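S.K.: This one is upload.txt, compact mmCIF, C-alpha atoms.
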```
# COMPACT_ATOMS: atom_id res chain seq x y z
CA MET A 1 1.43 -11.20 9.93
CA PRO A 2 3.58 -8.09 10.18
CA VAL A 3 5.19 -7.32 13.51
CA LEU A 4 5.81 -3.74 14.56
CA ARG A 5 8.31 -3.13 17.32
CA ALA A 6 9.89 0.17 18.35
CA HIS A 7 10.20 2.58 21.26
CA GLY A 8 8.94 0.07 23.79
CA LEU A 9 5.75 -0.74 21.92
CA GLU A 10 5.09 -3.97 20.04
CA THR A 11 2.21 -5.50 18.16
CA THR A 12 1.32 -8.01 15.50
CA LEU A 13 -0.98 -6.32 13.05
CA PRO A 14 -4.20 -8.07 12.04
CA SER A 15 -4.78 -8.59 8.35
CA GLY A 16 -5.66 -5.41 6.53
CA PHE A 17 -3.97 -3.04 8.97
CA GLU A 18 -0.87 -1.02 8.48
CA GLY A 19 0.87 1.16 10.99
CA ARG A 20 3.92 2.83 12.36
CA ILE A 21 5.51 3.52 15.70
CA PHE A 22 7.62 6.62 15.74
CA VAL A 23 9.03 9.52 17.69
CA ARG A 24 8.94 12.91 16.06
CA PRO A 25 12.17 14.89 16.01
CA SER A 26 12.38 17.11 19.07
CA ALA A 27 11.77 20.76 18.39
CA GLY A 28 12.33 23.81 20.54
CA GLY A 29 13.72 21.82 23.43
CA ALA A 30 10.51 19.84 23.85
CA VAL A 31 10.96 16.13 24.44
CA ALA A 32 9.01 14.04 21.93
CA HIS A 33 7.43 10.77 23.00
CA PRO A 34 6.39 7.70 21.02
CA VAL A 35 3.28 7.71 18.88
CA ALA A 36 1.72 4.70 17.20
CA HIS A 37 -0.65 5.00 14.26
CA PHE A 38 -2.72 2.11 12.92
CA ALA A 39 -5.10 2.21 9.98
CA THR A 40 -6.94 0.09 7.47
CA PHE A 41 -6.04 2.53 4.70
CA PRO A 42 -2.74 4.00 3.46
CA LEU A 43 -1.42 6.42 6.05
CA PRO A 44 -0.12 9.66 4.56
CA SER A 45 3.42 10.46 5.66
CA THR A 46 2.18 13.81 6.90
CA THR A 47 -0.43 12.41 9.29
CA GLY A 48 -0.76 14.48 12.44
CA ASP A 49 -0.41 12.93 15.87
CA PHE A 50 -4.17 12.52 16.21
CA GLY A 51 -4.98 11.74 12.61
CA GLY A 52 -4.99 15.15 10.97
CA GLY A 53 -4.62 14.59 7.23
CA ALA A 54 -5.64 10.94 7.54
CA VAL A 55 -9.16 10.77 8.96
CA SER A 56 -10.49 12.77 6.03
CA LEU A 57 -9.37 9.91 3.76
CA MET A 58 -11.34 7.26 5.62
CA GLY A 59 -14.06 5.23 3.98
CA ASP A 60 -17.10 3.87 5.78
CA THR A 61 -15.39 0.64 6.74
CA ASP A 62 -12.06 2.13 7.76
CA ILE A 63 -10.48 2.33 11.19
CA PHE A 64 -7.82 4.69 12.47
CA ALA A 65 -6.20 4.32 15.90
CA VAL A 66 -3.59 6.31 17.78
CA LEU A 67 -1.59 5.36 20.85
CA PHE A 68 0.02 8.54 22.09
CA GLU A 69 2.45 8.63 24.99
CA TYR A 70 2.70 11.61 27.32
CA GLY A 71 5.67 12.69 29.40
CA PRO A 72 6.43 11.29 32.84
CA GLU A 73 5.10 14.48 34.44
CA SER A 74 1.62 13.14 33.66
CA LEU A 75 2.11 10.04 35.78
CA GLY A 76 -0.03 9.94 38.87
CA THR A 77 -2.44 12.61 37.67
CA ALA A 78 -6.17 11.95 37.84
CA LEU A 79 -6.49 11.91 34.05
CA PHE A 80 -4.19 8.89 33.80
CA ALA A 81 -5.53 7.06 36.87
CA ARG A 82 -6.85 4.13 34.86
CA GLN A 83 -4.39 1.24 34.88
CA GLY A 84 -3.99 -0.65 31.62
CA MET A 85 -5.11 -0.02 28.08
CA PRO A 86 -8.70 -0.95 27.24
CA ARG A 87 -8.51 -3.96 24.95
CA SER A 88 -12.16 -4.86 24.68
CA LEU A 89 -14.15 -1.91 23.46
CA THR A 90 -17.87 -2.02 22.78
CA PRO A 91 -19.96 -0.17 20.19
CA ASP A 92 -21.38 1.93 23.00
CA ASP A 93 -17.92 3.33 23.68
CA PHE A 94 -18.02 5.21 20.39
CA ARG A 95 -19.68 8.60 19.97
CA PRO A 96 -19.88 10.85 16.91
CA TYR A 97 -18.94 13.84 19.06
CA VAL A 98 -15.77 12.25 20.46
CA LEU A 99 -13.75 13.35 17.47
CA ARG A 100 -10.79 15.66 17.30
CA ARG A 101 -12.00 16.66 13.88
CA GLY A 102 -15.74 16.29 13.54
CA LEU A 103 -16.33 14.62 10.20
CA SER A 104 -19.88 13.69 9.35
CA GLY A 105 -20.70 10.04 9.88
CA GLN A 106 -17.52 9.18 11.78
CA SER A 107 -17.34 8.09 15.36
CA GLY A 108 -14.63 8.05 18.00
CA THR A 109 -13.54 7.05 21.44
CA GLN A 110 -10.67 8.22 23.63
CA TRP A 111 -9.16 6.73 26.76
CA PHE A 112 -6.42 7.95 29.07
CA PHE A 113 -4.51 5.36 31.05
CA THR A 114 -1.18 4.26 32.45
CA GLU A 115 0.48 1.02 31.45
CA GLY A 116 3.96 -0.19 32.25
CA GLY A 117 4.60 3.02 34.13
CA ARG A 118 3.91 5.06 31.00
CA PRO A 119 1.00 7.49 30.49
CA PHE A 120 -0.94 7.12 27.24
CA THR A 121 -4.06 8.10 25.43
CA LEU A 122 -5.77 5.74 23.01
CA TYR A 123 -7.87 7.45 20.36
CA VAL A 124 -9.83 5.40 17.83
CA VAL A 125 -11.89 6.67 14.89
CA LEU A 126 -14.41 4.61 12.95
CA GLY A 127 -15.27 5.55 9.38
CA SER A 128 -18.96 5.13 10.08
CA HIS A 129 -20.84 5.38 13.37
CA ALA A 130 -23.64 3.37 11.78
CA ARG A 131 -21.25 0.45 11.18
CA ARG A 132 -19.70 0.48 14.65
CA ALA A 133 -21.04 -2.96 15.54
CA GLN A 134 -19.18 -4.37 12.55
CA LEU A 135 -16.00 -2.35 13.06
CA VAL A 136 -15.45 -2.54 16.83
CA PRO A 137 -14.48 -6.26 16.77
CA ARG A 138 -11.73 -5.35 14.30
CA VAL A 139 -10.56 -2.61 16.67
CA ASN A 140 -10.35 -5.17 19.46
CA GLN A 141 -8.35 -7.48 17.19
CA LEU A 142 -5.92 -4.62 16.77
CA LEU A 143 -5.67 -3.83 20.47
CA ALA A 144 -5.38 -7.39 21.80
CA PRO A 145 -1.75 -8.07 20.81
CA LEU A 146 -0.52 -4.54 21.56
CA THR A 147 2.06 -4.63 24.35
CA VAL A 148 3.71 -1.81 26.21
CA GLN A 149 7.18 -2.38 27.58
CA SER A 150 7.57 -1.16 31.13
CA VAL A 151 9.96 1.64 31.79
CA ALA A 152 12.75 1.00 34.25
CA PRO A 153 11.97 2.55 37.61
CA ALA A 154 13.74 5.84 38.12
CA ALA A 155 16.87 5.67 40.24
CA ALA A 156 16.41 6.83 43.79
CA PRO A 157 17.77 10.29 44.52
CA GLY A 158 21.36 10.09 45.56
CA ALA A 159 21.91 6.69 44.03
CA GLY A 160 25.04 6.35 41.97
CA TRP A 161 28.56 5.09 42.00
CA ASN A 162 30.13 4.27 45.31
CA MET B 1 11.34 -58.52 -49.83
CA VAL B 2 11.83 -59.16 -46.12
CA ALA B 3 14.83 -56.87 -46.13
CA LEU B 4 12.73 -54.13 -47.75
CA VAL B 5 9.99 -54.48 -45.11
CA VAL B 6 12.55 -54.37 -42.30
CA ALA B 7 14.20 -51.30 -43.81
CA LEU B 8 10.84 -49.60 -44.26
CA GLY B 9 9.89 -50.41 -40.67
CA ALA B 10 13.15 -48.98 -39.45
CA VAL B 11 12.56 -45.79 -41.43
CA VAL B 12 9.01 -45.48 -40.07
CA ALA B 13 10.28 -46.00 -36.53
CA LEU B 14 12.98 -43.38 -37.05
CA VAL B 15 10.48 -40.89 -38.45
CA ALA B 16 8.14 -41.60 -35.51
CA VAL B 17 10.94 -40.86 -33.04
CA LEU B 18 11.78 -37.64 -34.89
CA VAL B 19 8.13 -36.51 -34.95
CA ALA B 20 7.75 -37.30 -31.25
CA GLY B 21 10.88 -35.29 -30.50
CA LEU B 22 9.62 -32.36 -32.54
CA LEU B 23 6.24 -32.43 -30.80
CA ARG B 24 7.92 -32.52 -27.42
CA SER B 25 10.16 -29.62 -28.34
CA HIS B 26 7.16 -27.67 -29.65
CA ALA B 27 5.28 -28.32 -26.40
CA ASP B 28 8.26 -27.11 -24.36
CA ILE B 29 8.43 -23.92 -26.41
CA LEU B 30 4.70 -23.28 -26.02
CA LYS B 31 4.91 -23.89 -22.29
CA ALA B 32 7.86 -21.52 -21.95
CA LEU B 33 6.01 -18.85 -23.94
CA HIS B 34 2.95 -19.31 -21.80
CA ASP B 35 4.99 -18.97 -18.63
CA LEU B 36 6.36 -15.70 -19.99
CA GLY B 37 2.82 -14.47 -20.47
CA VAL B 38 2.83 -14.46 -24.25
CA GLY B 39 1.50 -17.93 -24.90
CA VAL B 40 -1.68 -18.89 -26.70
CA GLY B 41 -4.09 -21.52 -25.57
CA ASP B 42 -3.84 -23.36 -22.30
CA PRO B 43 -1.11 -26.00 -22.11
CA VAL B 44 -2.11 -27.19 -18.67
CA GLU B 45 -5.60 -28.50 -18.13
CA GLY B 46 -7.40 -26.81 -15.29
CA ARG B 47 -5.16 -23.78 -15.26
CA GLY B 48 -6.87 -20.57 -16.25
CA ALA B 49 -5.58 -18.89 -19.35
CA ASP B 50 -5.10 -15.75 -17.30
CA ALA B 51 -3.16 -17.45 -14.54
CA PRO B 52 -0.09 -15.53 -13.47
CA ALA B 53 3.19 -16.96 -14.54
CA GLY B 54 4.80 -19.48 -12.35
CA HIS B 55 1.94 -20.67 -10.25
CA GLY B 56 -1.38 -22.09 -11.14
CA ALA B 57 -2.98 -21.84 -7.74
CA THR B 58 -4.64 -18.51 -8.35
CA SER B 59 -6.28 -17.03 -11.39
CA GLY B 60 -6.11 -13.48 -12.58
CA PRO B 61 -4.46 -11.22 -15.08
CA VAL B 62 -0.84 -11.78 -16.02
CA PRO B 63 1.30 -9.13 -14.31
CA LEU B 64 3.03 -6.63 -16.56
CA ARG B 65 6.74 -7.24 -16.75
CA LEU B 66 9.80 -5.03 -16.72
CA GLY B 67 13.24 -6.05 -17.87
CA PRO B 68 14.52 -9.60 -18.33
CA PRO B 69 12.31 -12.66 -17.76
CA LEU B 70 11.87 -13.78 -14.17
CA PRO B 71 12.05 -17.39 -13.02
CA PRO B 72 8.73 -19.04 -13.92
CA GLU B 73 8.35 -20.80 -10.59
CA ARG B 74 8.10 -17.62 -8.53
CA ASP B 75 4.85 -16.34 -7.06
CA SER B 76 3.99 -13.27 -9.08
CA SER B 77 0.60 -12.47 -7.67
CA SER B 78 0.60 -12.30 -3.89
CA ALA B 79 1.05 -8.93 -2.21
CA PRO B 80 1.71 -9.53 1.47
CA ALA B 81 2.02 -6.77 4.03
CA LEU B 82 5.57 -5.79 4.78
CA ALA B 83 7.02 -4.59 8.05
CA GLY B 84 10.36 -3.44 9.30
CA VAL B 85 12.13 -0.44 10.69
CA THR B 86 12.88 2.92 9.20
CA PRO B 87 16.42 4.25 8.97
CA TRP B 88 15.58 6.43 11.98
CA GLY B 89 14.67 3.53 14.26
CA ASP B 90 10.89 3.79 13.96
CA ALA B 91 8.70 0.82 13.04
CA LEU B 92 6.67 0.80 9.84
CA ALA B 93 4.21 -1.66 8.34
CA VAL B 94 2.59 -1.23 4.94
CA ALA B 95 -0.33 -3.24 3.58
CA PRO B 96 -0.36 -2.55 -0.17
CA ALA B 97 -3.25 -4.92 -0.71
CA SER B 98 -5.50 -2.91 1.60
CA SER B 99 -5.55 0.36 -0.27
CA ASP B 100 -7.89 1.60 -2.98
CA GLY B 101 -5.12 2.47 -5.39
CA LEU B 102 -1.75 1.46 -6.75
CA THR B 103 1.29 0.96 -4.54
CA LEU B 104 4.74 0.83 -6.09
CA LEU B 105 7.29 -1.03 -4.00
CA ALA B 106 10.83 0.01 -4.93
CA PHE B 107 13.35 -2.55 -3.72
CA LEU B 108 16.63 -0.66 -3.61
CA THR B 109 20.00 -1.04 -1.94
CA THR B 110 22.53 1.58 -0.99
CA GLY B 111 25.34 -0.21 -2.78
CA CYS B 112 24.03 -0.98 -6.25
CA SER B 113 25.05 1.55 -8.86
CA SER B 114 21.80 1.12 -10.79
CA CYS B 115 19.87 2.14 -7.68
CA ALA B 116 21.61 5.50 -7.34
CA GLY B 117 19.48 7.11 -10.04
CA PHE B 118 16.27 5.98 -8.37
CA TRP B 119 17.34 7.24 -4.95
CA GLU B 120 18.15 10.58 -6.53
CA THR B 121 14.90 10.75 -8.51
CA PHE B 122 12.75 9.87 -5.50
CA ARG B 123 14.63 12.32 -3.29
CA ARG B 124 14.36 15.14 -5.82
CA SER B 125 10.90 14.58 -7.24
CA GLY B 126 9.03 12.14 -5.01
CA THR B 127 6.24 10.60 -7.04
CA VAL B 128 6.27 13.20 -9.80
CA GLY B 129 5.89 11.44 -13.13
CA LEU B 130 3.68 8.71 -11.72
CA PRO B 131 -0.11 8.71 -12.06
CA TYR B 132 -1.84 10.73 -9.38
CA GLY B 133 -2.50 8.78 -6.24
CA THR B 134 0.24 6.20 -6.76
CA ARG B 135 1.88 5.43 -3.44
CA VAL B 136 5.60 4.68 -3.48
CA VAL B 137 7.29 2.72 -0.72
CA VAL B 138 11.05 2.21 -0.78
CA VAL B 139 12.14 -1.14 0.64
CA THR B 140 15.76 -1.87 1.53
CA LYS B 141 17.21 -4.96 3.12
CA GLY B 142 17.09 -5.16 6.89
CA PRO B 143 19.47 -3.52 9.35
CA ASP B 144 21.54 -6.72 9.34
CA ARG B 145 22.43 -6.14 5.68
CA GLU B 146 22.25 -2.36 5.32
CA LEU B 147 23.61 0.49 7.40
CA ALA B 148 20.72 2.61 8.64
CA THR B 149 22.82 5.76 8.41
CA GLU B 150 23.56 5.13 4.74
CA VAL B 151 19.89 4.48 4.01
CA ALA B 152 18.93 7.62 5.93
CA ALA B 153 21.37 9.67 3.86
CA LEU B 154 19.69 8.50 0.63
CA ALA B 155 16.09 8.36 1.85
CA PRO B 156 13.58 10.62 0.09
CA PRO B 157 12.07 13.03 2.61
CA ASP B 158 8.46 12.52 1.54
CA LEU B 159 8.35 8.78 0.91
CA PRO B 160 8.16 5.93 3.40
CA VAL B 161 11.34 3.87 3.61
CA VAL B 162 11.23 0.51 5.32
CA MET B 163 14.20 -1.75 6.00
CA SER B 164 12.96 -5.32 5.83
CA GLY B 165 14.85 -8.37 4.65
CA GLU B 166 11.66 -10.37 5.17
CA ALA B 167 9.90 -8.28 2.52
CA TRP B 168 12.66 -9.13 0.03
CA ASP B 169 12.06 -12.81 0.77
CA ASP B 170 8.26 -12.51 0.63
CA TYR B 171 8.37 -10.80 -2.74
CA GLU B 172 11.16 -13.09 -4.02
CA VAL B 173 13.21 -10.12 -5.13
CA PRO B 174 15.91 -11.44 -7.47
CA GLY B 175 18.11 -8.33 -7.27
CA SER B 176 18.05 -4.58 -7.17
CA PRO B 177 16.68 -2.30 -8.39
CA PHE B 178 13.43 -4.25 -8.51
CA PHE B 179 9.90 -2.90 -8.62
CA VAL B 180 6.55 -4.41 -7.72
CA LEU B 181 3.27 -2.71 -8.50
CA VAL B 182 0.28 -3.76 -6.40
CA ASP B 183 -3.35 -3.00 -7.16
CA GLY B 184 -5.01 -2.51 -3.78
CA ARG B 185 -8.51 -3.18 -5.08
CA SER B 186 -7.69 -6.68 -6.25
CA GLY B 187 -4.99 -7.21 -3.63
CA ARG B 188 -2.66 -8.54 -6.34
CA ARG B 189 0.54 -7.62 -8.08
CA VAL B 190 -0.16 -6.12 -11.47
CA GLY B 191 3.41 -5.54 -12.54
CA GLU B 192 6.97 -6.26 -11.53
CA GLY B 193 10.49 -6.45 -12.80
CA VAL B 194 13.93 -4.93 -13.04
CA ALA B 195 14.21 -1.40 -14.39
CA ASN B 196 17.21 0.65 -15.36
CA GLY B 197 15.52 4.03 -15.40
CA PHE B 198 12.62 5.82 -13.79
CA ALA B 199 10.93 6.30 -17.17
CA GLN B 200 10.52 2.51 -17.46
CA VAL B 201 8.90 2.36 -14.04
CA ALA B 202 6.59 5.27 -14.77
CA ASP B 203 5.56 3.57 -18.02
CA LEU B 204 4.81 0.34 -16.17
CA VAL B 205 2.57 2.18 -13.72
CA ARG B 206 0.76 4.05 -16.48
CA ARG B 207 0.18 0.86 -18.47
CA ALA B 208 -1.12 -0.89 -15.39
CA GLU B 209 -3.39 1.99 -14.56
CA ALA B 210 -4.75 1.99 -18.12
CA GLU B 211 -5.40 -1.77 -18.01
CA LEU B 212 -7.09 -1.54 -14.65
CA GLY B 213 -9.21 1.33 -15.93
CA GLU B 214 -10.31 -0.77 -18.89
CA ARG B 215 -11.13 -3.71 -16.66
CA SER B 216 -13.28 -1.58 -14.40
CA VAL B 217 -15.58 -0.63 -17.30
CA GLY B 218 -18.89 -2.34 -16.74
CA GLY B 219 -18.11 -3.02 -13.14
CA ARG B 220 -17.55 0.30 -11.52
CA ALA B 221 -14.33 0.47 -9.53
CA PRO B 222 -14.57 1.30 -5.83
CA GLY B 223 -12.78 4.59 -6.49
CA GLY B 224 -15.65 5.66 -8.67
CA ALA B 225 -18.31 4.77 -6.18
CA ILE B 226 -20.79 7.35 -5.12
CA GLY B 227 -19.92 8.88 -1.81
CA ILE B 228 -16.16 9.21 -2.09
CA ASP B 229 -14.61 12.57 -1.42
CA GLY B 230 -11.34 14.42 -1.39
CA PRO B 231 -8.33 13.14 -3.33
CA ALA B 232 -10.03 9.80 -4.04
CA ARG B 233 -12.89 11.60 -5.74
CA GLU B 234 -10.50 13.77 -7.73
CA ALA B 235 -8.54 10.72 -8.86
CA ALA B 236 -11.74 8.92 -9.85
CA ASN B 237 -12.85 11.95 -11.85
CA ASP B 238 -9.49 12.07 -13.61
CA ARG B 239 -9.80 8.40 -14.54
CA GLU B 240 -13.30 8.89 -15.93
CA LEU B 241 -12.22 11.91 -17.96
CA ARG B 242 -9.16 10.13 -19.37
CA ALA B 243 -11.32 7.13 -20.27
CA ALA B 244 -13.60 9.52 -22.17
CA GLY B 245 -10.64 10.97 -24.05
CA ILE B 246 -10.67 14.25 -22.16
CA LEU B 247 -7.10 15.09 -21.27
CA PRO B 248 -5.62 18.05 -19.36
CA GLY B 249 -6.09 21.23 -21.36
CA ASP B 250 -9.17 19.98 -23.22
CA PRO B 251 -11.37 23.00 -24.13
CA SER B 252 -14.42 21.26 -22.67
CA LEU B 253 -12.84 21.64 -19.24
CA TYR B 254 -12.99 25.42 -19.60
CA PRO B 255 -16.46 26.10 -21.11
CA ARG B 256 -17.31 29.67 -21.96
CA LYS B 257 -20.59 28.89 -23.68
CA LEU B 258 -23.02 25.99 -23.69
CA GLU B 259 -21.84 25.20 -27.22
CA ASP B 260 -18.47 24.32 -25.71
CA LEU B 261 -20.21 21.59 -23.78
CA TYR B 262 -22.89 20.37 -26.16
CA GLY B 263 -21.56 21.37 -29.59
CA PRO B 264 -23.04 23.81 -32.10
CA GLY B 265 -26.82 23.76 -31.92
CA GLY B 266 -26.71 21.17 -29.15
CA SER B 267 -28.32 21.57 -25.82
CA ALA B 268 -28.79 19.87 -22.51
CA GLY B 269 -31.93 17.81 -22.22
CA GLY B 270 -33.21 18.99 -25.59
CA ALA B 271 -33.60 22.57 -24.47
CA PRO B 272 -32.61 25.18 -27.03
CA ALA B 273 -29.06 26.39 -26.82
CA VAL B 274 -28.75 29.66 -25.04
CA GLY B 275 -26.11 32.29 -24.58
CA PRO B 276 -23.01 32.31 -22.41
CA VAL B 277 -23.13 30.34 -19.21
CA GLY B 278 -24.21 32.50 -16.33
CA ARG B 279 -26.24 34.84 -18.47
CA ALA B 280 -28.93 32.36 -19.50
CA GLY B 281 -32.24 33.46 -18.26
```
Kindly transcribe the structure held in the file into structure tokens.
M.R.:
Amino acid sequence: MPVLRAHGLETTLPSGFEGRIFVRPSAGGAVAHPVAHFATFPLPSTTGDFGGGAVSLMGDTDIFAVLFEYGPESLGTALFARQGMPRSLTPDDFRPYVLRRGLSGQSGTQWFFTEGGRPFTLYVVLGSHARRAQLVPRVNQLLAPLTVQSVAPAAAPGAGWN
Amino acid sequence: MVALVVALGAVVALVAVLVAGLLRSHADILKALHDLGVGVGDPVEGRGADAPAGHGATSGPVPLRLGPPLPPERDSSSAPALAGVTPWGDALAVAPASSDGLTLLAFLTTGCSSCAGFWETFRRSGTVGLPYGTRVVVVTKGPDRELATEVAALAPPDLPVVMSGEAWDDYEVPGSPFFVLVDGRSGRRVGEGVANGFAQVADLVRRAEAELGERSVGGRAPGGAIGIDGPAREAANDRELRAAGILPGDPSLYPRKLEDLYGPGGSAGGAPAVGPVGRAG
């Protein structure tokens, strides 16, 4: 099974999934952070961070998932208070209205959390809300082997060479 | 008399040996032809006539071939997922057997002179010249065998490029440039081989697409299923139109009157032909 490893993220993809872990080129001085895309269908090279250009291609049995890292300024905020990525989702976690782009029939879930000292959001889209009971176990198969490498703790102020 | 019988027996024995040798040689030739995909009959009992060359474990259509013959013992049907890194240090995994369409894997290196034309064509034109919806993935050897900066300098801006020595092993790539065409619906390779020019590759893809289109008649392909939308629907419509002999520019695609659709005196559902579309009462 294919192994994806880059930017402190690593996973072994279940059969039928493809994916990528990337960092967009920085623009306008903004610091880009790692993004991971996983899908059961061919991902267009122009896919937006949260699936723009890809979710419209999904079939009823397709899955699209994003792991998006935020900057260190988000650490410690209430939004990212949850520790650890959810790795065992249930069909009840998915709602048709939890979609960045509301496409009829689809369903989504989004979680904010901190893992390994890094703030993330996990966003998952199912091709069909009606088939969520069938699709959610596949989502969990995808999430189970996903590991986040911890960032090294920041040096204490004043630390340095003797 | 005894001498005559002995001589006759010797001649018969000699002829028998010659005939046996000829039969053996004939069988070898038939087997070799069959392995190349142009044989007739089935030289091996229990092996489907459509079995891909080189392995009898799976049945299915013989992959289309490009260039010189490939070793018969290689696996020419499996289409495993491939994973590696991009020249920019990202990770990328592609599952060609999980798509609804055709995926062309282009195994290229930065050093081979024959590859230069393909790098240039992909960088300049992307997938132009290939049937609509064909996905192209460029696969180089891993970072241990290729310099990422050199790959990055050649990489087409709009196509995925993955550096993966494992993929070269999985697909038993004999050399570069080498191309593998995978049909996502069947999850199998439908063509492969060495090509010297992009026109050869484009022809391979078009032939494969035509064959797959023919095979889907009578058993509607997933791409033509009711409920698809967007580019998949457009591609399915194009396939149906081509299968019906309606090519780009066909007058029936630009009807001005009902006669353009149903012919002179014809009508839809038996109703009398009427005037120009949009003015019918």
S.K.: Do you know which residues are at most 12 Å from Leu126 in chain A counting all atoms listed in the file, after dropping those on the same chain fewer than 6 positions away, and could you put them as a PDB file with C-alpha atoms, in the frame of the given file?
M.R.:
```pdb
ATOM      1  CA  PHE A  38      -2.720   2.110  12.920  1.00  0.00           C
ATOM      2  CA  ALA A  39      -5.100   2.210   9.980  1.00  0.00           C
ATOM      3  CA  THR A  40      -6.940   0.090   7.470  1.00  0.00           C
ATOM      4  CA  PHE A  41      -6.040   2.530   4.700  1.00  0.00           C
ATOM      5  CA  GLY A  51      -4.980  11.740  12.610  1.00  0.00           C
ATOM      6  CA  VAL A  55      -9.160  10.770   8.960  1.00  0.00           C
ATOM      7  CA  SER A  56     -10.490  12.770   6.030  1.00  0.00           C
ATOM      8  CA  LEU A  57      -9.370   9.910   3.760  1.00  0.00           C
ATOM      9  CA  MET A  58     -11.340   7.260   5.620  1.00  0.00           C
ATOM     10  CA  GLY A  59     -14.060   5.230   3.980  1.00  0.00           C
ATOM     11  CA  ASP A  60     -17.100   3.870   5.780  1.00  0.00           C
ATOM     12  CA  THR A  61     -15.390   0.640   6.740  1.00  0.00           C
ATOM     13  CA  ASP A  62     -12.060   2.130   7.760  1.00  0.00           C
ATOM     14  CA  ILE A  63     -10.480   2.330  11.190  1.00  0.00           C
ATOM     15  CA  PHE A  64      -7.820   4.690  12.470  1.00  0.00           C
ATOM     16  CA  ALA A  65      -6.200   4.320  15.900  1.00  0.00           C
ATOM     17  CA  VAL A  66      -3.590   6.310  17.780  1.00  0.00           C
ATOM     18  CA  PRO A  91     -19.960  -0.170  20.190  1.00  0.00           C
ATOM     19  CA  ASP A  93     -17.920   3.330  23.680  1.00  0.00           C
ATOM     20  CA  PHE A  94     -18.020   5.210  20.390  1.00  0.00           C
ATOM     21  CA  ARG A  95     -19.680   8.600  19.970  1.00  0.00           C
ATOM     22  CA  PRO A  96     -19.880  10.850  16.910  1.00  0.00           C
ATOM     23  CA  TYR A  97     -18.940  13.840  19.060  1.00  0.00           C
ATOM     24  CA  VAL A  98     -15.770  12.250  20.460  1.00  0.00           C
ATOM     25  CA  LEU A  99     -13.750  13.350  17.470  1.00  0.00           C
ATOM     26  CA  GLY A 102     -15.740  16.290  13.540  1.00  0.00           C
ATOM     27  CA  LEU A 103     -16.330  14.620  10.200  1.00  0.00           C
ATOM     28  CA  SER A 104     -19.880  13.690   9.350  1.00  0.00           C
ATOM     29  CA  GLY A 105     -20.700  10.040   9.880  1.00  0.00           C
ATOM     30  CA  GLN A 106     -17.520   9.180  11.780  1.00  0.00           C
ATOM     31  CA  SER A 107     -17.340   8.090  15.360  1.00  0.00           C
ATOM     32  CA  GLY A 108     -14.630   8.050  18.000  1.00  0.00           C
ATOM     33  CA  THR A 109     -13.540   7.050  21.440  1.00  0.00           C
ATOM     34  CA  GLN A 110     -10.670   8.220  23.630  1.00  0.00           C
ATOM     35  CA  ARG A 132     -19.700   0.480  14.650  1.00  0.00           C
ATOM     36  CA  ALA A 133     -21.040  -2.960  15.540  1.00  0.00           C
ATOM     37  CA  GLN A 134     -19.180  -4.370  12.550  1.00  0.00           C
ATOM     38  CA  LEU A 135     -16.000  -2.350  13.060  1.00  0.00           C
ATOM     39  CA  VAL A 136     -15.450  -2.540  16.830  1.00  0.00           C
ATOM     40  CA  PRO A 137     -14.480  -6.260  16.770  1.00  0.00           C
ATOM     41  CA  ARG A 138     -11.730  -5.350  14.300  1.00  0.00           C
ATOM     42  CA  VAL A 139     -10.560  -2.610  16.670  1.00  0.00           C
TER      43      VAL A 139
END
```
S.K.: List the neighbours of Ala32 in chain A out to 9 Å using all atoms listed in the file; skip same-chain residues closer than 2 positions along the sequence, and give me the result as an NGL selection string.
M.R.: :A and (23-27 or 30 or 34 or 70-71)
S.K.: May I have the residues of chain A within 6 Å of chain B, counting only C-alpha atoms, written as a list in words?
M.R.: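 The selection requested is Pro2, Leu4, Arg5, Ala6, Gly16, Glu18, Gly19, Arg20, Ile21, Phe22, Phe41 and Pro42 of chain A.
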S.K.: Go ahead and compute the interatomic distance for CA of Arg101 in chain A and CA of Thr127 in chain B, in Å to one decimal.
M.R.: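 Computing it gives 28.4 Å between the two atoms.
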S.K.: Excluding Val194 in chain B and residues on its chain fewer than 5 positions from it, collect all residues at most 7 Å away from it, counting all atoms listed in the file, and give them as a list in words.
M.R.: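 Using all atoms listed in the file, the neighbours found are Leu66, Gly67, Pro177, Phe178 and Phe179 of chain B.
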S.K.: So what do you get for CA of Ala199 in chain B versus CA of Trp119 in chain B, distance-wise?
M.R.: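 Going from CA of Ala199 in chain B over to CA of Trp119 in chain B covers 13.8 Å.
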S.K.: With all atoms of range 126-142 of chain A from the file as input, state the centre and edge lengths in Å to one decimal of the axis-aligned box that has 5 Å extra on each side, as lines of an AutoDock Vina configuration file.
M.R.:
```
center_x = -14.8
center_y = -1.0
center_z = 14.4
size_x = 27.7
size_y = 23.0
size_z = 20.1
```
S.K.: Skip Gly8 in chain A itself and residues of its chain fewer than 4 positions away, then list as a ChimeraX atom specification all residues within 9 Å of it, counting only C-alpha atoms.
M.R.: /A:34,147-151
S.K.: With C-alpha atoms kept, could you save the residues just selected as an mmCIF file, keeping the file's coordinate frame?
M.R.:
```cif
data_model
loop_
_atom_site.group_PDB
_atom_site.id
_atom_site.type_symbol
_atom_site.label_atom_id
_atom_site.label_comp_id
_atom_site.auth_asym_id
_atom_site.auth_seq_id
_atom_site.Cartn_x
_atom_site.Cartn_y
_atom_site.Cartn_z
ATOM 1 C CA PRO A 34 6.390 7.700 21.020
ATOM 2 C CA THR A 147 2.060 -4.630 24.350
ATOM 3 C CA VAL A 148 3.710 -1.810 26.210
ATOM 4 C CA GLN A 149 7.180 -2.380 27.580
ATOM 5 C CA SER A 150 7.570 -1.160 31.130
ATOM 6 C CA VAL A 151 9.960 1.640 31.790
#
```
